[in-house]
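> My file is my_file_18.cif. It has mmCIF, C-alpha atoms:
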```cif
data_query
loop_
_atom_site.label_atom_id
_atom_site.label_comp_id
_atom_site.auth_asym_id
_atom_site.auth_seq_id
_atom_site.Cartn_x
_atom_site.Cartn_y
_atom_site.Cartn_z
CA MET R 1 0.00 0.00 0.00
CA ILE R 2 1.21 3.50 -0.89
CA TRP R 3 -0.38 6.65 0.51
CA HIS R 4 -0.34 9.69 -1.79
CA ASN R 5 -0.76 13.18 -0.35
CA VAL R 6 -3.06 14.50 -3.08
CA GLU R 7 -6.23 16.55 -2.92
CA GLN R 8 -9.53 14.94 -3.87
CA ASN R 9 -10.74 15.79 -7.40
CA SER R 10 -7.34 17.14 -8.43
CA PRO R 11 -5.77 15.96 -11.73
CA GLU R 12 -3.21 13.98 -9.70
CA TRP R 13 -5.99 12.27 -7.75
CA ASP R 14 -7.88 11.43 -10.95
CA ALA R 15 -4.74 9.92 -12.44
CA LEU R 16 -4.14 7.73 -9.38
CA LYS R 17 -7.74 6.46 -9.37
CA LEU R 18 -7.79 5.66 -13.08
CA GLY R 19 -8.46 1.98 -13.73
CA LYS R 20 -8.89 1.09 -10.07
CA ALA R 21 -11.90 -0.03 -8.05
CA SER R 22 -12.66 2.64 -5.48
CA SER R 23 -14.25 2.32 -2.04
CA SER R 24 -17.03 4.69 -3.11
CA GLY R 25 -18.06 2.10 -5.70
CA TYR R 26 -17.82 -1.04 -3.57
CA ALA R 27 -21.57 -1.16 -2.97
CA LYS R 28 -22.03 -1.88 -6.68
CA PHE R 29 -20.45 -5.30 -6.40
CA MET R 30 -21.28 -6.06 -2.76
CA ALA R 31 -25.05 -5.78 -3.26
CA ASN R 32 -25.53 -9.47 -4.10
CA PHE R 33 -22.86 -10.97 -1.87
CA GLY R 34 -22.93 -14.77 -2.18
CA LYS R 35 -24.70 -14.58 -5.56
CA PRO R 36 -23.55 -13.86 -9.14
CA PHE R 37 -22.63 -10.26 -9.87
CA GLY R 38 -25.56 -8.05 -10.80
CA GLU R 39 -25.82 -5.48 -13.58
CA PRO R 40 -24.38 -2.58 -11.52
CA ALA R 41 -21.23 -4.64 -10.85
CA HIS R 42 -20.87 -5.54 -14.53
CA ARG R 43 -21.25 -1.89 -15.57
CA TYR R 44 -18.67 -0.83 -12.99
CA ALA R 45 -16.24 -3.53 -14.10
CA LEU R 46 -16.65 -2.42 -17.71
CA GLN R 47 -15.99 1.20 -16.74
CA ILE R 48 -12.75 0.25 -14.98
CA ALA R 49 -11.66 -2.08 -17.79
CA LEU R 50 -12.14 0.68 -20.35
CA GLU R 51 -10.14 3.11 -18.21
CA ARG R 52 -7.29 0.62 -18.07
CA ILE R 53 -7.30 0.09 -21.82
CA THR R 54 -7.79 3.70 -22.97
CA GLY R 55 -6.04 5.56 -20.15
CA ARG R 56 -9.00 7.94 -19.99
CA LYS R 57 -11.53 8.65 -17.26
CA ALA R 58 -14.81 6.93 -18.14
CA GLU R 59 -17.78 9.16 -18.86
CA SER R 60 -19.91 7.34 -16.29
CA SER R 61 -17.46 8.29 -13.54
CA PHE R 62 -18.00 12.04 -13.83
CA GLN R 63 -19.71 13.84 -10.95
CA ASN R 64 -23.37 14.78 -10.72
CA GLU R 65 -24.81 17.90 -9.10
CA HIS R 66 -25.32 16.20 -5.71
CA MET R 67 -21.68 15.17 -5.57
CA GLU R 68 -20.57 18.67 -6.53
CA ARG R 69 -22.74 20.17 -3.78
CA GLY R 70 -21.20 17.75 -1.32
CA HIS R 71 -17.66 18.75 -2.26
CA GLU R 72 -18.55 22.44 -1.91
CA GLN R 73 -19.95 21.95 1.60
CA GLU R 74 -17.32 19.47 2.79
CA PRO R 75 -14.89 22.14 4.11
CA VAL R 76 -17.64 23.54 6.36
CA ALA R 77 -18.43 20.09 7.74
CA ARG R 78 -14.73 19.44 8.33
CA MET R 79 -14.37 22.72 10.23
CA LEU R 80 -17.38 21.92 12.42
CA TYR R 81 -15.96 18.45 13.10
CA GLU R 82 -12.63 19.95 14.18
CA GLU R 83 -14.43 22.36 16.51
CA MET R 84 -16.56 19.57 17.97
CA PHE R 85 -13.62 17.25 18.72
CA PHE R 86 -10.83 19.83 19.23
CA CYS R 87 -8.70 18.15 16.59
CA THR R 88 -7.04 18.80 13.24
CA VAL R 89 -8.21 16.86 10.21
CA GLU R 90 -5.37 16.15 7.80
CA ASN R 91 -5.72 15.55 4.10
CA GLY R 92 -7.22 12.13 3.33
CA GLY R 93 -5.16 11.66 0.19
CA PHE R 94 -5.30 8.40 -1.72
CA PHE R 95 -4.42 4.92 -0.45
CA ASP R 96 -3.19 2.96 -3.45
CA PHE R 97 -3.39 -0.85 -3.36
CA GLY R 98 -2.71 -1.46 -7.04
CA ASP R 99 -6.00 -2.82 -8.38
CA TYR R 100 -8.07 -0.74 -5.95
CA GLY R 101 -7.81 2.38 -3.85
CA ASP R 102 -9.39 4.45 -1.13
CA SER R 103 -9.89 8.19 -0.62
CA PRO R 104 -11.16 9.09 2.85
CA ASP R 105 -12.25 12.68 3.42
CA GLY R 106 -9.65 13.16 6.13
CA ARG R 107 -7.19 11.59 8.56
CA VAL R 108 -7.40 12.18 12.31
CA SER R 109 -4.18 11.35 14.18
CA ASP R 110 -2.76 7.92 13.32
CA ASP R 111 -5.85 6.00 14.30
CA GLY R 112 -8.86 7.38 12.51
CA LEU R 113 -10.41 8.54 9.26
CA ILE R 114 -13.52 10.56 8.52
CA GLU R 115 -16.13 10.13 5.80
CA ILE R 116 -18.24 13.26 5.24
CA LYS R 117 -21.64 13.19 3.56
CA SER R 118 -23.31 16.53 2.83
CA VAL R 119 -26.94 15.52 2.51
CA ILE R 120 -30.45 16.85 2.03
CA ALA R 121 -32.68 17.39 5.06
CA SER R 122 -34.71 14.19 4.71
CA THR R 123 -31.56 12.04 4.57
CA HIS R 124 -30.07 13.83 7.57
CA ALA R 125 -33.32 13.32 9.48
CA GLU R 126 -33.21 9.57 8.84
CA THR R 127 -29.60 9.40 10.05
CA LEU R 128 -30.45 11.29 13.23
CA LYS R 129 -33.43 9.01 13.81
CA ARG R 130 -31.32 5.90 13.18
CA GLY R 131 -28.60 7.06 15.57
CA GLY R 132 -25.89 5.53 13.43
CA PHE R 133 -24.18 5.71 10.06
CA ASP R 134 -26.19 5.45 6.86
CA PRO R 135 -26.05 1.75 5.82
CA ALA R 136 -25.89 2.84 2.19
CA TYR R 137 -22.21 3.58 2.89
CA ARG R 138 -21.43 0.38 4.79
CA TRP R 139 -19.04 -0.96 2.16
CA GLN R 140 -17.28 2.35 1.63
CA ILE R 141 -16.62 2.50 5.36
CA ALA R 142 -15.43 -1.12 5.34
CA GLY R 143 -13.04 -0.17 2.55
CA HIS R 144 -11.54 2.61 4.65
CA PHE R 145 -10.23 -0.02 7.08
CA ASP R 146 -7.81 -1.22 4.39
CA SER R 147 -5.70 1.76 5.48
CA GLY R 148 -5.06 0.09 8.84
CA CYS R 149 -7.07 2.64 10.84
CA ALA R 150 -8.82 1.66 14.07
CA TRP R 151 -11.97 3.68 13.50
CA VAL R 152 -13.91 5.73 10.95
CA ASP R 153 -16.14 8.65 11.88
CA PHE R 154 -19.20 8.88 9.63
CA VAL R 155 -20.13 12.57 9.39
CA SER R 156 -23.56 13.65 8.17
CA TYR R 157 -23.89 17.37 7.44
CA CYS R 158 -26.98 19.33 6.42
CA ALA R 159 -26.84 23.11 6.07
CA ASP R 160 -30.66 23.36 6.15
CA TYR R 161 -30.77 22.33 9.80
CA PRO R 162 -30.26 24.77 12.69
CA GLU R 163 -26.59 25.19 13.57
CA TRP R 164 -26.76 22.95 16.64
CA ALA R 165 -28.07 20.03 14.58
CA GLN R 166 -26.24 20.44 11.28
CA LEU R 167 -23.55 17.90 12.13
CA ALA R 168 -24.04 14.30 13.27
CA VAL R 169 -21.03 12.06 13.91
CA TYR R 170 -21.09 8.31 14.43
CA ARG R 171 -17.89 6.36 15.11
CA VAL R 172 -17.45 2.95 13.52
CA TRP R 173 -14.81 0.67 15.04
CA ARG R 174 -12.85 -1.91 13.09
CA LYS R 175 -13.73 -4.61 15.63
CA ASP R 176 -17.42 -4.08 14.89
CA MET R 177 -16.98 -4.54 11.14
CA GLU R 178 -14.74 -7.59 10.98
CA GLN R 179 -17.40 -9.60 9.15
CA GLU R 180 -18.01 -6.88 6.54
CA ILE R 181 -14.27 -6.43 6.04
CA ALA R 182 -13.78 -10.16 5.41
CA GLN R 183 -16.72 -10.24 2.99
CA LEU R 184 -15.37 -7.22 1.14
CA HIS R 185 -11.93 -8.79 0.72
CA GLU R 186 -13.46 -11.98 -0.67
CA ARG R 187 -15.86 -10.28 -3.05
CA ARG R 188 -13.39 -7.64 -4.20
CA ALA R 189 -10.92 -10.31 -5.30
CA GLU R 190 -13.67 -11.84 -7.43
CA PHE R 191 -14.60 -8.43 -8.81
CA ILE R 192 -11.01 -7.71 -9.87
CA GLU R 193 -11.08 -10.96 -11.83
CA LEU R 194 -14.28 -9.75 -13.50
CA ILE R 195 -12.50 -6.55 -14.53
CA ARG R 196 -9.66 -8.57 -16.04
CA ALA R 197 -12.13 -10.77 -17.91
CA LYS R 198 -13.75 -7.71 -19.45
CA GLU R 199 -10.32 -6.34 -20.40
CA THR R 200 -9.57 -9.60 -22.16
CA GLU R 201 -12.93 -9.60 -23.93
CA ILE R 202 -12.42 -6.07 -25.24
CA ASN R 203 -8.84 -6.69 -26.36
CA GLN R 204 -9.87 -9.88 -28.14
CA ARG R 205 -12.16 -7.81 -30.36
CA LYS R 206 -9.13 -5.79 -31.45
CA ALA R 207 -7.18 -8.95 -32.21
CA ALA R 208 -10.05 -10.28 -34.32
#
```
Any chance you could put this one into structure tokens?

Amino acid sequence: MIWHNVEQNSPEWDALKLGKASSSGYAKFMANFGKPFGEPAHRYALQIALERITGRKAESSFQNEHMERGHEQEPVARMLYEEMFFCTVENGGFFDFGDYGDSPDGRVSDDGLIEIKSVIASTHAETLKRGGFDPAYRWQIAGHFDSGCAWVDFVSYCADYPEWAQLAVYRVWRKDMEQEIAQLHERRAEFIELIRAKETEINQRKAA
């Protein structure tokens, strides 16, 4: 594993991610764990295979308006987190594992990472009601533990809420996700083989 001190969404970051499975996309192939890969996994594998062959960022990997809004609000959420916990959040950078990688939103000391989600009011309300991280991001959080961290803080931020309720933080410990981590490692290995199979299929068309 190599950690790169790059900013998210920078050209350097894009270049490092090119042709790699990313923790933000793990849910696409973990959805049917124990069963054959579904259509989302096949589309994701094709995207990565094409990036490897062409050396270009796939069109389907570009950001939508919700992601852009999240990136714009992320610095505010990070500042509020630092004020809440009296800490400094360092750049998350990019953890490079060769065939896959991980980009947390920040590093806290040597033990923890943070994952920030800037969300709409209804999503924030559900998280507050649940009293825990949004399960939609279970596999992304599991992927963060590849870094060797002990915990991940899931941060939900909503600017529409009053100031005292804009930020909700839920800590996820490695020891509580051992099963998910093991499942991810197993399934990800299979998914990487799927990517390679699609690479071979595409290249065979050229040979023909």
> Here's the selection I'm unsure about, the PyMOL selection byres ((chain R and resi 73-78) around 8); applied to the file above, which residues does it give, as a PyMOL selection string?
chain R and resi 69-72+79-82+89+116-118+155+157+167
> I need the chosen residues saved as a JSON list (two decimals), in the frame of the given file, with C-alpha atoms.

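Just written: selection21.json:
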```json
[["chain", "number", "residue", "atom", "x", "y", "z"],
["R", 69, "ARG", "CA", -22.74, 20.17, -3.78],
["R", 70, "GLY", "CA", -21.20, 17.75, -1.32],
["R", 71, "HIS", "CA", -17.66, 18.75, -2.26],
["R", 72, "GLU", "CA", -18.55, 22.44, -1.91],
["R", 79, "MET", "CA", -14.37, 22.72, 10.23],
["R", 80, "LEU", "CA", -17.38, 21.92, 12.42],
["R", 81, "TYR", "CA", -15.96, 18.45, 13.10],
["R", 82, "GLU", "CA", -12.63, 19.95, 14.18],
["R", 89, "VAL", "CA", -8.21, 16.86, 10.21],
["R", 116, "ILE", "CA", -18.24, 13.26, 5.24],
["R", 117, "LYS", "CA", -21.64, 13.19, 3.56],
["R", 118, "SER", "CA", -23.31, 16.53, 2.83],
["R", 155, "VAL", "CA", -20.13, 12.57, 9.39],
["R", 157, "TYR", "CA", -23.89, 17.37, 7.44],
["R", 167, "LEU", "CA", -23.55, 17.90, 12.13]]
```
> With only C-alpha atoms as the counted atoms, please give the residues lying no more than 12 Å from Leu128 in chain R, apart from itself and same-chain residues fewer than 2 positions off, as a list of chain:residue names.
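Counting only C-alpha atoms, the residues come to R:Ala121, R:Ser122, R:Thr123, R:His124, R:Ala125, R:Glu126, R:Arg130, R:Gly131, R:Gly132, R:Phe133, R:Asp134, R:Val155, R:Ser156, R:Tyr157, R:Cys158, R:Tyr161, R:Ala165, R:Gln166, R:Leu167, R:Ala168, R:Val169, R:Tyr170.
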> Write out as a compact mmCIF listing (two decimals) with C-alpha atoms, in the coordinates of the input each polymer residue whose atoms come within 8 Å of Pro40 in chain R, counting only C-alpha atoms; drop sequence neighbours fewer than 4 positions from it.

```
# COMPACT_ATOMS: atom_id res chain seq x y z
CA LYS R 28 -22.03 -1.88 -6.68
CA PHE R 29 -20.45 -5.30 -6.40
CA TYR R 44 -18.67 -0.83 -12.99
```
> Tell me which protein, DNA and RNA residues are within 12 Å of Asp146 in chain R, counting only C-alpha atoms, leaving out same-chain ones fewer than 6 positions away, and put them as an MDAnalysis selection string.
chainID R and resid 1:3 22:23 94:97 100:104 112:113 139:140 152 174 177:178 180:182 184:185
> When you count only C-alpha atoms, which of these residues is closest to Asn91 in chain R: R:Gln8, R:Thr127, R:Ser147, R:Thr54?
R:Gln8
> With only C-alpha atoms as the atoms that count, which of R:Ala136, R:Ala31, R:Val172, R:Met84 lies nearest to Ile114 in chain R?
R:Val172
> What does the structure give for the distance between CA of Phe191 in chain R and CA of Met30 in chain R, in Å to one decimal?
9.3 Å
> Of the candidates R:Gly38, R:Pro11, R:Gly19, R:Gly148, which one gets nearest to Asp99 in chain R if we count only C-alpha atoms?
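Looking only at the distances to Asp99 in chain R, the closest residue turns out to be R:Gly19.
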> Of the residues R:Glu39, R:Gln204, R:Gly106, R:Gly143, which is the one nearest to Arg188 in chain R, using all atoms listed in the file?
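Ranked by minimum distance to Arg188 in chain R, first place goes to R:Gly143.
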> What does the distance between CA of Ala21 in chain R and CA of Gly92 in chain R come to in Å, to one decimal place?
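So the answer is 17.3 Å.
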> Show me, as a PyMOL selection string, the residues that have an atom within 7 Å of range 45-47 of chain R when counting only C-alpha atoms, minus same-chain residues fewer than 4 positions from it.
chain R and resi 41+51+58+194-195+198
> Can those selected residues be exported to a file as a PDB file, in the coordinates of the input so that it contains C-alpha atoms?

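To be explicit, this is the file written out as result_30.pdb:
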```
ATOM      1  CA  ALA R  41     -21.230  -4.640 -10.850  1.00  0.00           C
ATOM      2  CA  GLU R  51     -10.140   3.110 -18.210  1.00  0.00           C
ATOM      3  CA  ALA R  58     -14.810   6.930 -18.140  1.00  0.00           C
ATOM      4  CA  LEU R 194     -14.280  -9.750 -13.500  1.00  0.00           C
ATOM      5  CA  ILE R 195     -12.500  -6.550 -14.530  1.00  0.00           C
ATOM      6  CA  LYS R 198     -13.750  -7.710 -19.450  1.00  0.00           C
TER       7      LYS R 198
END
```
> Taking all atoms listed in the file into account, which of R:Phe145, R:Phe154, R:Ile202, R:Gly34 comes nearest Asp105 in chain R?
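So, comparing all the options, the nearest one is R:Phe154.
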